[in-house]
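> There's a structure below that I have some questions on.
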Amino acid sequence: MSQPDSAVICAWVEKQVGGRVVSCERQARWRPAYFLEVEQDEGRISLYFRGDRGVSDSEQYALEHEMACLQVLEAGGIPVPHVFGFCEKPRGILMERSPGRADLSTAKNKEEERSVQRHYMEILAQIHSLDIDPFLRAGLAPPSDPEKLALADLPLWEKAYRRAKVRPQPLIEFGLSWLKRNVPPPADSACFVCGDSGQFLFDEGRVTAVIDLELAHLGDPAEDLGALRSRDLSEPLGDLRPALAAYSEFIGHEIDRFLIDYHTVRFSLTTPLATLPVLAQARPGIDLIQYLCWFHVYSRAPMEVIAKAQGITLEPPEIPKAENNRHSPIYEDLSLRLTPPAAEDAFDNYAGQTAHRTAVYLERLNRYGPALAAADLAETNALLGTHHADNEAADADLEAWLAEADAQADEALVRLFYRRCVREEVLLEPVLGEFSGARIQ
């Protein structure tokens, strides 16, 4: 977001809440968001402006949807940031800046980690027990049958994926097929779910606010338990076994393990479904390397969960050595030139790191890409009994083959796709950031 937009936001905020903006700092992350300090007659207040991504997901869940969910939850006694208003241009929710910090890995010790984790699960159980009528009045629609309850919002993401798809995506097609072949009975009737659970602020061993509810909807409570495992990949939540035990304690019964596995697969798969349209073309201000990390890590996670659920042993592929070629010095030079100097402004520092990460990825793609692509092609040909010389043609054939395959092919496909994902993460290894070494619990 450009500086003129921040000036527009400040002027709007002053009009909305009264007082004078004395500080406006863009958050160092991939979506437009600002921390603001406003001086009023009564004193200073801290605010947060959560901007619209402006890319593919807006057609699934508009920002107004998240605002309505926050307001209903606050009225229901759930600790969420108070909403002050909605800005139409640039689009964003103005809310209080709740106290506390994100990222449970920053807990002072294991005792605080366990305390926060347990408190969050207590709040999650409270959220799931809320009357859904206020959410219905706010415009949320309940699932019409058990299958729709199980699939949750998957059809929304699949629709956007189908519209954007321009080349074969056999892993995604397999994941969608597996989910539709293995629809489980629901854990309970539809309730309000966070959708992308596990996002909160905390302080002194307690959750101070539940945040980031853009994917919230009416669905199966097991959705939020599966999503915790997905969230843990980028924001470590500690050992989730005591968390799930605490949730069972709060609701009075256990949730079927396969149902949690199912929703882990379903929710993880929504990330490659959602990111593919963004990766299809460059857009100003979009951190494509971040989206690429999401795409491949959250493509691997469903394969790991399916493998565990079905007793499939996964073996990582052999990784080739880096190869130099006549282009290698150019890519290395680009990476060195884009190494960012330290910047005082947090967002400027983030933007510089983004350009550098892109250059590092391109350098590794040049050194490792051909050998990794050749390994993918060889494994696909071996599975299909074909002799394709082109990866895209092989993937098109693989898609056609798996469309006719049954559950007997799951083991071979899961192993194949898992190895592919590991190879892709080799290319991204130095720029994976928070995903470095991440494995699904």
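The chains in the structure tokens are called A, B, ... from first to last as shown; in each chain the residues are counted from 1, and the ligands are counted from 1 in the order shown.
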Output as JSON, numbers by chain all residues of range 127-257 of chain A that backbone DSSP marks as strand (DSSP E).
{"A": [191, 192, 193, 200, 201, 202, 203, 206, 207, 208, 209, 210, 217, 218, 219]}
> Distance table requested - range 12-74 of chain A against range 190-199 of chain A, cut-off 12 Å, only C-alpha atoms: one row per qualifying residue with the closest atom pair and its distance in Å to one decimal, ordered by chain and rising residue number, as a tab-separated table.

residue	atom	partner	partner_atom	distance
A:Tyr61	CA	A:Gly195	CA	11.3
A:Glu66	CA	A:Cys194	CA	10.1
A:Cys69	CA	A:Cys194	CA	9.2
A:Leu70	CA	A:Cys194	CA	10.5
A:Val72	CA	A:Phe192	CA	10.5
A:Leu73	CA	A:Phe192	CA	9.6
> Go ahead and save the picked residues with N, CA, C and O atoms, as a short mmCIF file (atom, residue, chain, number, x, y, z; two decimals), in the first residue's frame.

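Full text of part21.cif as output:
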data_model
loop_
_atom_site.label_atom_id
_atom_site.label_comp_id
_atom_site.auth_asym_id
_atom_site.auth_seq_id
_atom_site.Cartn_x
_atom_site.Cartn_y
_atom_site.Cartn_z
N TYR A 61 -14.79 -14.70 0.96
CA TYR A 61 -15.19 -14.08 2.21
C TYR A 61 -14.82 -12.60 2.16
O TYR A 61 -13.64 -12.26 2.23
N GLU A 66 -15.92 -10.72 7.99
CA GLU A 66 -15.11 -10.83 9.20
C GLU A 66 -15.55 -9.81 10.25
O GLU A 66 -15.61 -10.13 11.45
N CYS A 69 -18.62 -11.07 12.02
CA CYS A 69 -18.30 -12.16 12.95
C CYS A 69 -17.69 -11.61 14.23
O CYS A 69 -18.04 -12.06 15.34
N LEU A 70 -16.81 -10.64 14.12
CA LEU A 70 -16.20 -10.03 15.30
C LEU A 70 -17.26 -9.39 16.19
O LEU A 70 -17.23 -9.52 17.43
N VAL A 72 -20.52 -10.10 16.40
CA VAL A 72 -21.38 -11.10 17.05
C VAL A 72 -20.63 -11.80 18.18
O VAL A 72 -21.18 -12.05 19.25
N LEU A 73 -19.37 -12.12 17.95
CA LEU A 73 -18.58 -12.78 18.99
C LEU A 73 -18.40 -11.89 20.21
O LEU A 73 -18.51 -12.35 21.35
#
> Using only C-alpha atoms, I'd like a table of the residues in range 157-212 of chain A that come within 8 Å of range 85-102 of chain A; for each, show the closest atom pair and its distance in Å rounded to one decimal, ordered by chain and ascending number, as a Markdown table.

| residue | atom | partner | partner_atom | distance |
| --- | --- | --- | --- | --- |
| A:Gln199 | CA | A:Ala102 | CA | 7.6 |
| A:Phe200 | CA | A:Ala102 | CA | 6.1 |
| A:Leu201 | CA | A:Ala102 | CA | 4.6 |
| A:Phe202 | CA | A:Gly100 | CA | 4.7 |
| A:Asp203 | CA | A:Gly100 | CA | 4.9 |
| A:Thr208 | CA | A:Gly100 | CA | 6.2 |
| A:Ala209 | CA | A:Ser98 | CA | 6.5 |
> Residues as selected, N, CA and C atoms, written as a PDB file, in the first residue's frame, can you do that?

ATOM      1  N   GLN A 199      -5.381 -18.650  15.976  1.00  0.00           N
ATOM      2  CA  GLN A 199      -4.841 -17.303  15.874  1.00  0.00           C
ATOM      3  C   GLN A 199      -5.361 -16.471  17.045  1.00  0.00           C
ATOM      4  N   PHE A 200      -4.439 -16.013  17.867  1.00  0.00           N
ATOM      5  CA  PHE A 200      -4.827 -15.280  19.068  1.00  0.00           C
ATOM      6  C   PHE A 200      -3.647 -14.467  19.577  1.00  0.00           C
ATOM      7  N   LEU A 201      -3.940 -13.536  20.467  1.00  0.00           N
ATOM      8  CA  LEU A 201      -2.931 -12.794  21.210  1.00  0.00           C
ATOM      9  C   LEU A 201      -2.967 -13.275  22.651  1.00  0.00           C
ATOM     10  N   PHE A 202      -1.839 -13.177  23.335  1.00  0.00           N
ATOM     11  CA  PHE A 202      -1.802 -13.657  24.723  1.00  0.00           C
ATOM     12  C   PHE A 202      -0.849 -12.813  25.548  1.00  0.00           C
ATOM     13  N   ASP A 203      -1.025 -12.901  26.859  1.00  0.00           N
ATOM     14  CA  ASP A 203      -0.147 -12.210  27.791  1.00  0.00           C
ATOM     15  C   ASP A 203      -0.309 -12.832  29.175  1.00  0.00           C
ATOM     16  N   THR A 208      -5.640 -12.973  25.288  1.00  0.00           N
ATOM     17  CA  THR A 208      -6.236 -11.638  25.405  1.00  0.00           C
ATOM     18  C   THR A 208      -7.231 -11.355  24.288  1.00  0.00           C
ATOM     19  N   ALA A 209      -7.055 -12.003  23.133  1.00  0.00           N
ATOM     20  CA  ALA A 209      -7.996 -11.776  22.030  1.00  0.00           C
ATOM     21  C   ALA A 209      -7.867 -12.876  20.988  1.00  0.00           C
TER      22      ALA A 209
END
> Based on DSSP run over this structure's backbone, return all residues of range 148-371 of chain A in alpha helix (DSSP H), as a ChimeraX atom specification.
/A:148-151,154-164,170-181,222-231,240-251,257-279,288-310,328-337,346-371
> Env of Arg419 in chain A: 6 Å cut, atoms = only C-alpha atoms, seq-sep filter 2 positions within chain, self excluded. Answer as a PyMOL selection string.
chain A and resi 316-317+416-417+421-422
> Pick from A:Gly219, A:Pro155, A:Gly369, A:Pro340: nearest to Ala274 in chain A, with only C-alpha atoms counted?
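With only C-alpha atoms as the atom set, the closest residue is A:Pro155.
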> From the list A:Asp390, A:Glu14, A:Asp220, A:Asp397, which residue is nearest Lys148 in chain A when using only C-alpha atoms?
A:Asp220
> Just how far from CA of Pro186 in chain A is CA of Pro143 in chain A, in Å to one decimal?
11.4 Å
> Quick one: which range 86-121 of chain A residues come within 12 Å of range 236-247 of chain A, and what is the nearest atom pair for each with the distance in Å to one decimal, counting only C-alpha atoms, rows ordered by chain and ascending number, as CSV?

residue,atom,partner,partner_atom,distance
A:Ala102,CA,A:Pro236,CA,10.5
A:Asp103,CA,A:Pro236,CA,6.9
A:Leu104,CA,A:Leu237,CA,5.7
A:Ser105,CA,A:Pro236,CA,5.9
A:Thr106,CA,A:Pro236,CA,9.5
A:Ala107,CA,A:Gly238,CA,10.1
A:Asn109,CA,A:Gly238,CA,11.3
A:Lys110,CA,A:Gly238,CA,8.9
A:Glu111,CA,A:Gly238,CA,11.2
A:Glu112,CA,A:Gly238,CA,10.9
A:Glu113,CA,A:Gly238,CA,7.2
A:Arg114,CA,A:Gly238,CA,7.9
A:Ser115,CA,A:Ala243,CA,10.1
A:Val116,CA,A:Leu237,CA,9.6
A:Gln117,CA,A:Ala243,CA,6.3
A:Arg118,CA,A:Ala243,CA,6.1
A:His119,CA,A:Ala246,CA,9.1
A:Tyr120,CA,A:Ala243,CA,8.7
A:Met121,CA,A:Tyr247,CA,5.4
> Could you jot down the CA of Leu176 in chain A to CA of Ala141 in chain A separation for me, Å, one decimal place?
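Atom-to-atom, CA of Leu176 in chain A and CA of Ala141 in chain A are spaced 22.8 Å apart.
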> Skipping near chain neighbours, those fewer than 3 positions away, what residues fall within 10 Å of range 252-268 of chain A using only C-alpha atoms, listed as a PyMOL selection string?
chain A and resi 150-154+175-176+178-180+182-188+195-196+220-231+244-249+271-273+294-295+297-306+308-309+440
